[in-house]
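Enquirer: Next comes coords.cif, mmCIF, C-alpha atoms:
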data_work
#
loop_
_atom_site.label_atom_id
_atom_site.label_comp_id
_atom_site.auth_asym_id
_atom_site.auth_seq_id
_atom_site.Cartn_x
_atom_site.Cartn_y
_atom_site.Cartn_z
CA MET A 1 -54.24 99.97 -56.22
CA GLN A 2 -52.82 101.07 -52.88
CA PHE A 3 -53.64 99.78 -49.41
CA LYS A 4 -53.02 101.47 -46.06
CA VAL A 5 -51.22 98.46 -44.63
CA GLU A 6 -50.59 100.10 -41.26
CA LYS A 7 -54.37 100.46 -40.84
CA LEU A 8 -55.24 96.83 -41.57
CA LEU A 9 -55.82 94.12 -39.00
CA PHE A 10 -55.09 90.86 -40.79
CA PHE A 11 -56.87 87.86 -39.29
CA ASP A 12 -57.95 84.29 -39.87
CA ILE A 13 -59.94 81.75 -37.89
CA GLU A 14 -59.84 77.98 -37.60
CA SER A 15 -63.10 76.24 -36.78
CA VAL A 16 -63.81 72.67 -35.71
CA SER A 17 -66.76 70.46 -34.79
CA GLN A 18 -68.41 71.21 -31.44
CA TYR A 19 -68.17 67.55 -30.43
CA LYS A 20 -65.58 64.90 -31.14
CA ASP A 21 -68.32 62.46 -32.08
CA LEU A 22 -71.63 63.29 -33.73
CA TYR A 23 -73.44 61.12 -31.21
CA ASP A 24 -72.01 63.05 -28.26
CA MET A 25 -74.41 65.79 -29.35
CA PRO A 26 -77.53 66.36 -27.21
CA GLU A 27 -80.62 64.70 -28.63
CA ASP A 28 -82.37 67.93 -29.66
CA LYS A 29 -79.31 69.19 -31.52
CA LEU A 30 -78.76 65.79 -33.10
CA LYS A 31 -82.28 65.87 -34.52
CA MET A 32 -81.63 69.34 -35.90
CA TRP A 33 -78.35 68.17 -37.48
CA GLU A 34 -80.13 65.20 -39.07
CA SER A 35 -82.76 67.51 -40.55
CA TYR A 36 -80.00 69.32 -42.47
CA TYR A 37 -78.08 66.18 -43.38
CA ASP A 38 -78.56 66.49 -47.14
CA SER A 39 -76.99 69.96 -47.10
CA PHE A 40 -74.05 68.70 -45.05
CA ARG A 41 -73.54 65.70 -47.32
CA LYS A 42 -72.98 68.04 -50.28
CA LYS A 43 -70.17 69.77 -48.36
CA VAL A 44 -68.05 66.62 -47.91
CA THR A 45 -64.52 67.36 -49.10
CA ASP A 46 -63.05 63.84 -49.14
CA GLU A 47 -65.38 61.24 -50.65
CA SER A 48 -62.66 58.59 -50.37
CA LYS A 49 -63.36 58.43 -46.62
CA ILE A 50 -66.96 57.37 -47.26
CA ASP A 51 -67.77 53.86 -48.49
CA SER A 52 -71.54 53.40 -48.66
CA GLU A 53 -71.17 49.62 -49.03
CA ALA A 54 -68.70 48.97 -46.20
CA MET A 55 -69.91 51.57 -43.70
CA THR A 56 -73.06 51.64 -41.63
CA GLN A 57 -75.41 54.62 -41.90
CA ARG A 58 -74.26 55.70 -38.45
CA GLU A 59 -70.59 55.62 -39.53
CA ILE A 60 -71.35 57.59 -42.71
CA HIS A 61 -73.17 60.27 -40.72
CA GLN A 62 -70.28 60.44 -38.29
CA GLU A 63 -67.79 60.94 -41.14
CA VAL A 64 -69.97 63.60 -42.77
CA TYR A 65 -70.11 65.38 -39.41
CA ARG A 66 -66.34 65.19 -38.99
CA GLN A 67 -65.74 66.71 -42.41
CA THR A 68 -68.42 69.40 -42.45
CA ALA A 69 -69.39 70.58 -38.94
CA ALA A 70 -66.60 73.17 -38.94
CA PHE A 71 -68.25 74.99 -41.87
CA PHE A 72 -71.35 75.80 -39.84
CA PRO A 73 -71.30 77.96 -36.67
CA GLU A 74 -74.51 76.28 -35.51
CA PHE A 75 -72.63 72.96 -35.28
CA GLY A 76 -69.00 74.05 -35.15
CA LYS A 77 -66.93 76.27 -32.88
CA VAL A 78 -63.86 78.50 -32.98
CA ALA A 79 -60.57 76.77 -32.19
CA CYS A 80 -58.18 79.60 -33.07
CA VAL A 81 -58.12 83.24 -34.11
CA SER A 82 -54.81 84.63 -35.34
CA MET A 83 -54.21 88.31 -36.00
CA ALA A 84 -51.40 90.48 -37.29
CA PHE A 85 -50.71 94.13 -37.95
CA VAL A 86 -47.83 95.90 -39.61
CA THR A 87 -46.07 98.68 -37.71
CA LYS A 88 -44.98 101.92 -39.37
CA GLY A 89 -41.48 100.48 -39.36
CA GLY A 90 -42.64 97.46 -41.38
CA GLU A 91 -42.53 94.95 -38.52
CA VAL A 92 -45.27 92.30 -38.52
CA ARG A 93 -46.67 91.50 -35.08
CA PHE A 94 -48.82 88.45 -34.43
CA GLU A 95 -51.26 87.51 -31.69
CA SER A 96 -53.28 84.32 -31.44
CA PHE A 97 -55.99 83.02 -29.15
CA TYR A 98 -56.56 79.28 -29.30
CA GLY A 99 -57.31 76.07 -27.43
CA GLU A 100 -60.38 74.38 -25.99
CA ASP A 101 -61.96 77.38 -24.24
CA GLU A 102 -63.97 79.02 -27.01
CA LEU A 103 -65.44 81.64 -24.68
CA HIS A 104 -61.93 82.81 -23.78
CA ILE A 105 -60.97 82.95 -27.48
CA LEU A 106 -64.04 85.03 -28.32
CA THR A 107 -63.61 87.34 -25.33
CA GLU A 108 -59.96 88.10 -26.00
CA THR A 109 -60.54 88.45 -29.74
CA ARG A 110 -63.33 90.96 -29.21
CA LYS A 111 -61.05 93.04 -26.98
CA VAL A 112 -58.61 93.42 -29.87
CA PHE A 113 -61.30 94.21 -32.44
CA ASP A 114 -62.91 96.79 -30.15
CA LYS A 115 -59.53 98.36 -29.36
CA ILE A 116 -58.72 99.02 -33.02
CA GLU A 117 -62.25 100.09 -34.03
CA PRO A 118 -61.88 103.77 -32.99
CA LEU A 119 -58.39 103.89 -34.51
CA GLY A 120 -59.64 103.67 -38.09
CA PHE A 121 -58.54 100.10 -38.80
CA GLU A 122 -60.10 97.82 -41.40
CA LEU A 123 -60.34 94.04 -41.16
CA CYS A 124 -58.38 92.12 -43.79
CA GLY A 125 -58.59 88.44 -44.61
CA GLN A 126 -59.36 85.76 -47.16
CA SER A 127 -63.11 85.25 -47.73
CA ILE A 128 -63.81 86.89 -44.38
CA LYS A 129 -67.04 88.46 -45.66
CA LEU A 130 -68.45 85.04 -46.49
CA PHE A 131 -66.97 82.93 -43.70
CA ASP A 132 -64.81 84.29 -40.87
CA ILE A 133 -66.91 87.32 -39.90
CA PRO A 134 -70.33 85.59 -40.10
CA PHE A 135 -68.94 82.52 -38.30
CA LEU A 136 -67.49 84.60 -35.47
CA GLY A 137 -70.59 86.78 -35.29
CA LYS A 138 -72.89 83.79 -34.84
CA ARG A 139 -70.59 82.20 -32.28
CA TYR A 140 -70.70 85.45 -30.28
CA PHE A 141 -74.50 85.31 -30.37
CA ILE A 142 -74.57 81.64 -29.40
CA ASN A 143 -72.20 82.28 -26.49
CA GLY A 144 -74.36 85.14 -25.23
CA MET A 145 -72.08 87.95 -26.38
CA LYS A 146 -72.36 90.95 -28.65
CA PRO A 147 -70.10 90.82 -31.73
CA PRO A 148 -67.29 93.39 -32.04
CA LYS A 149 -68.40 96.91 -33.01
CA LEU A 150 -66.28 96.72 -36.15
CA PHE A 151 -68.26 93.77 -37.55
CA PRO A 152 -70.83 94.57 -40.25
CA THR A 153 -74.44 93.84 -39.34
CA HIS A 154 -77.59 93.13 -41.32
CA ASP A 155 -78.12 96.85 -41.95
CA THR A 156 -74.55 98.02 -42.56
CA LYS A 157 -74.36 100.07 -45.77
CA PRO A 158 -71.83 98.81 -48.35
CA TRP A 159 -69.92 102.09 -48.20
CA ASP A 160 -69.61 101.77 -44.42
CA LEU A 161 -67.95 98.35 -44.55
CA ARG A 162 -64.49 98.38 -43.05
CA VAL A 163 -63.43 95.10 -44.58
CA LEU A 164 -60.76 94.30 -47.17
CA ASP A 165 -61.33 90.80 -48.50
CA THR A 166 -58.28 89.49 -50.36
CA LYS A 167 -60.42 87.11 -52.40
CA GLU A 168 -62.40 90.07 -53.76
CA VAL A 169 -59.19 91.96 -54.46
CA TRP A 170 -57.96 89.04 -56.57
CA GLN A 171 -61.24 88.47 -58.39
CA PHE A 172 -61.54 92.05 -59.73
CA GLY A 173 -65.32 91.98 -59.34
CA ASN A 174 -65.73 88.62 -61.08
CA ASN A 175 -67.28 86.33 -58.49
CA TRP A 176 -66.82 83.31 -60.76
CA SER A 177 -63.07 83.66 -61.13
CA LEU A 178 -60.54 81.63 -59.16
CA GLY A 179 -59.49 83.12 -55.85
CA SER A 180 -58.16 80.63 -53.29
CA LEU A 181 -55.42 81.73 -50.92
CA ASP A 182 -53.19 78.84 -51.98
CA LEU A 183 -53.59 79.83 -55.65
CA MET A 184 -52.71 83.44 -54.95
CA CYS A 185 -49.64 82.37 -53.01
CA SER A 186 -48.57 80.15 -55.89
CA VAL A 187 -48.89 82.69 -58.70
CA LEU A 188 -47.49 85.58 -56.62
CA GLU A 189 -44.60 83.40 -55.36
CA VAL A 190 -45.54 83.85 -51.72
CA ASP A 191 -44.93 81.09 -49.16
CA SER A 192 -48.10 78.99 -48.91
CA PRO A 193 -49.61 78.22 -45.49
CA LYS A 194 -50.54 74.77 -46.81
CA ASN A 195 -47.03 73.35 -46.52
CA GLY A 196 -47.32 72.02 -42.95
CA ASP A 197 -48.96 68.86 -41.60
CA VAL A 198 -52.08 70.73 -40.49
CA LYS A 199 -54.29 71.86 -43.37
CA GLY A 200 -57.83 73.18 -43.62
CA ASP A 201 -59.37 69.77 -44.24
CA ASN A 202 -57.83 68.10 -41.17
CA VAL A 203 -58.03 70.86 -38.55
CA THR A 204 -60.94 69.14 -36.77
CA THR A 205 -59.06 65.83 -36.56
CA ASN A 206 -55.95 67.57 -35.23
CA TYR A 207 -58.00 69.53 -32.71
CA TRP A 208 -59.53 66.42 -31.17
CA GLU A 209 -56.07 64.86 -31.06
CA GLY A 210 -54.98 67.77 -28.88
CA LYS A 211 -52.71 69.43 -31.46
CA HIS A 212 -53.76 72.98 -30.55
CA GLU A 213 -50.29 74.47 -30.93
CA GLU A 214 -49.98 73.06 -34.45
CA ILE A 215 -53.37 74.55 -35.38
CA LYS A 216 -52.24 77.94 -34.06
CA GLU A 217 -49.07 77.76 -36.16
CA TYR A 218 -51.11 76.88 -39.26
CA CYS A 219 -53.51 79.77 -38.62
CA GLU A 220 -50.60 82.19 -38.23
CA ARG A 221 -49.12 80.97 -41.52
CA ASP A 222 -52.43 81.88 -43.16
CA VAL A 223 -52.24 85.37 -41.69
CA LYS A 224 -48.61 85.80 -42.72
CA ALA A 225 -49.59 84.87 -46.28
CA LEU A 226 -52.25 87.60 -46.21
CA VAL A 227 -49.70 90.17 -45.09
CA ASP A 228 -47.24 89.04 -47.77
CA ILE A 229 -49.86 89.20 -50.54
CA ILE A 230 -51.10 92.69 -49.66
CA THR A 231 -47.56 93.93 -49.18
CA LYS A 232 -46.51 92.56 -52.56
CA LEU A 233 -49.51 94.12 -54.31
CA ASN A 234 -48.78 97.40 -52.58
CA ASN A 235 -45.21 97.44 -53.88
CA LEU A 236 -46.08 96.90 -57.54
CA LYS A 237 -44.84 99.58 -59.91
#
What does the file become when written as structure tokens?
Expert:
Amino acid sequence: MQFKVEKLLFFDIESVSQYKDLYDMPEDKLKMWESYYDSFRKKVTDESKIDSEAMTQREIHQEVYRQTAAFFPEFGKVACVSMAFVTKGGEVRFESFYGEDELHILTETRKVFDKIEPLGFELCGQSIKLFDIPFLGKRYFINGMKPPKLFPTHDTKPWDLRVLDTKEVWQFGNNWSLGSLDLMCSVLEVDSPKNGDVKGDNVTTNYWEGKHEEIKEYCERDVKALVDIITKLNNLK
């Protein structure tokens, strides 16, 4: 197992709800969200925040929205994209685009992706085939933009994919095996990105509290963990 580290663009995204409050959503979108409510309810990550006896239906829906909107590009948006590449000298260089202007984030991110596409780079990240790439791709569509040329499309052949997914590397072809980034960091003794105050399950809350810099730092820790994992695997005897 050997990876061409100098030809990998490591990246990670952080997504949040499109609106601070569910009921800030335009009426037509709110009706669409309600029609998928059962699917969203199954995605709730912290049941302790929902008390069906003490909360009104409106409050429960608001909490479900807060916890789950970031999973769905139709109801979430991109708050940060962090990238890194490793120079031939072994230096890791980071670049992040973040804040409240999603269109700016997408525009600047696409510039980087399109710049590396003719240089033979591959995209590298954790679960990026299932989440990051599809999420970004849909947000480009929704914002009236074409996705980066490097992104796979509906008719991309498997052998033409230029994507290295660290979750797949860890699972060895077994889709049912464990493969979280935090788990890999733990067993490989790599610094975990989950050690700060901002974590995946509270990014939306932090975003609407204006903690954009903290979200960027968390996203970059994720990317650094990716670099450290691939580098460690590359150096095995």
Enquirer: Could you expand the PyMOL selection byres ((chain A and resi 228) around 12) into the explicit residues it covers here, written as a PyMOL selection string?
Expert: chain A and resi 5+10+84-86+90-92+125+166+181+184-185+188-193+221-227+229-235
Enquirer: Nearest to Lys29 (chain A) among A:Ile50, A:Arg66, A:Phe75, A:Glu214, with distances taken over all atoms listed in the file: which residue is it?
Expert: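 Nearest candidate to Lys29 (chain A) out of A:Ile50, A:Arg66, A:Phe75, A:Glu214: A:Phe75.
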Enquirer: Applying the PyMOL selection byres ((chain A and resi 211) around 12) to the file I just gave you, which residues come out? Please list them as a PyMOL selection string.
Expert: chain A and resi 79-80+98-100+197-198+202-210+212-218
Enquirer: If you measure from CA of Trp170 (chain A) to CA of Leu136 (chain A), what distance in Å do you get, rounded to one decimal?
Expert: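 Calculated distance between CA of Trp170 (chain A) and CA of Leu136 (chain A) is 23.6 Å.
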Enquirer: Calculated over all atoms listed in the file, which of the candidates A:Pro118, A:Pro134, A:Gly179, A:Gly89 has the smallest distance to Leu150 (chain A)?
Expert: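 That would be A:Pro118, the residue with the smallest distance to Leu150 (chain A).
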Enquirer: Distance cut-off 10 Å, centre (-62.3, 78.6, -33.0) in file coordinates, counting all atoms listed in the file: which residues qualify? Return them as a PDB file with C-alpha atoms, in the coordinates of the input.
Expert:
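Resulting contents of result.pdb:
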ATOM      1  CA  ASP A  12     -57.950  84.290 -39.870  1.00  0.00           C
ATOM      2  CA  ILE A  13     -59.940  81.750 -37.890  1.00  0.00           C
ATOM      3  CA  GLU A  14     -59.840  77.980 -37.600  1.00  0.00           C
ATOM      4  CA  SER A  15     -63.100  76.240 -36.780  1.00  0.00           C
ATOM      5  CA  VAL A  16     -63.810  72.670 -35.710  1.00  0.00           C
ATOM      6  CA  SER A  17     -66.760  70.460 -34.790  1.00  0.00           C
ATOM      7  CA  GLN A  18     -68.410  71.210 -31.440  1.00  0.00           C
ATOM      8  CA  ALA A  70     -66.600  73.170 -38.940  1.00  0.00           C
ATOM      9  CA  PRO A  73     -71.300  77.960 -36.670  1.00  0.00           C
ATOM     10  CA  GLY A  76     -69.000  74.050 -35.150  1.00  0.00           C
ATOM     11  CA  LYS A  77     -66.930  76.270 -32.880  1.00  0.00           C
ATOM     12  CA  VAL A  78     -63.860  78.500 -32.980  1.00  0.00           C
ATOM     13  CA  ALA A  79     -60.570  76.770 -32.190  1.00  0.00           C
ATOM     14  CA  CYS A  80     -58.180  79.600 -33.070  1.00  0.00           C
ATOM     15  CA  VAL A  81     -58.120  83.240 -34.110  1.00  0.00           C
ATOM     16  CA  SER A  82     -54.810  84.630 -35.340  1.00  0.00           C
ATOM     17  CA  PHE A  97     -55.990  83.020 -29.150  1.00  0.00           C
ATOM     18  CA  TYR A  98     -56.560  79.280 -29.300  1.00  0.00           C
ATOM     19  CA  GLY A  99     -57.310  76.070 -27.430  1.00  0.00           C
ATOM     20  CA  GLU A 100     -60.380  74.380 -25.990  1.00  0.00           C
ATOM     21  CA  ASP A 101     -61.960  77.380 -24.240  1.00  0.00           C
ATOM     22  CA  GLU A 102     -63.970  79.020 -27.010  1.00  0.00           C
ATOM     23  CA  LEU A 103     -65.440  81.640 -24.680  1.00  0.00           C
ATOM     24  CA  ILE A 105     -60.970  82.950 -27.480  1.00  0.00           C
ATOM     25  CA  LEU A 106     -64.040  85.030 -28.320  1.00  0.00           C
ATOM     26  CA  PHE A 135     -68.940  82.520 -38.300  1.00  0.00           C
ATOM     27  CA  LEU A 136     -67.490  84.600 -35.470  1.00  0.00           C
ATOM     28  CA  ARG A 139     -70.590  82.200 -32.280  1.00  0.00           C
TER      29      ARG A 139
END
Enquirer: Convert the output of the PyMOL selection byres ((chain A and resi 124) around 6) on the shown file into explicit residues, formatted as a PyMOL selection string.
Expert: chain A and resi 9-10+123+125+163-165
Enquirer: Neighbourhood query: residues within 9 Å of (-67.3, 62.6, -33.5), file coordinates, counting all atoms listed in the file; return as a list in words.
Expert: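 All residues meeting the 9 Å criterion around (-67.3, 62.6, -33.5) are Ser17, Gln18, Tyr19, Lys20, Asp21, Leu22, Tyr23, Asp24, Met25, Gln62, Glu63, Tyr65, Arg66 and Trp208 of chain A.
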Enquirer: Could you check the closest approach to Lys7 (chain A) for each of A:Thr68, A:Ser52, A:Ser39, A:Thr87 and tell me which residue wins, using all atoms listed in the file?
Expert: A:Thr87
Enquirer: Quick one: pull the distance between CA of Ser35 (chain A) and CA of Lys129 (chain A), Å, one decimal.
Expert: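 Going from CA of Ser35 (chain A) over to CA of Lys129 (chain A) covers 26.7 Å.
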Enquirer: Name the closest residue to Lys88 (chain A) among the candidates A:Lys4, A:Thr153, A:Leu30, A:Arg41; distances are taken between atoms, counting all atoms listed in the file.
Expert: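 Closest to Lys88 (chain A), using all atoms listed in the file: A:Lys4.
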Enquirer: Could you check the closest approach to Cys219 (chain A) for each of A:Asp46, A:Glu27, A:Asp114, A:Glu95 and tell me which residue wins, using all atoms listed in the file?
Expert: A:Glu95
Enquirer: So how many Å separate CA of Thr107 (chain A) and CA of Phe141 (chain A), to one decimal?
Expert: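 Those two atoms sit 12.2 Å apart.
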Enquirer: Smallest atom-to-atom distance to Lys149 (chain A): which of A:Phe131, A:Phe113, A:Phe121, A:Phe11, using all atoms listed in the file?
Expert: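 Using all atoms listed in the file, Lys149 (chain A) sits closest to A:Phe113.
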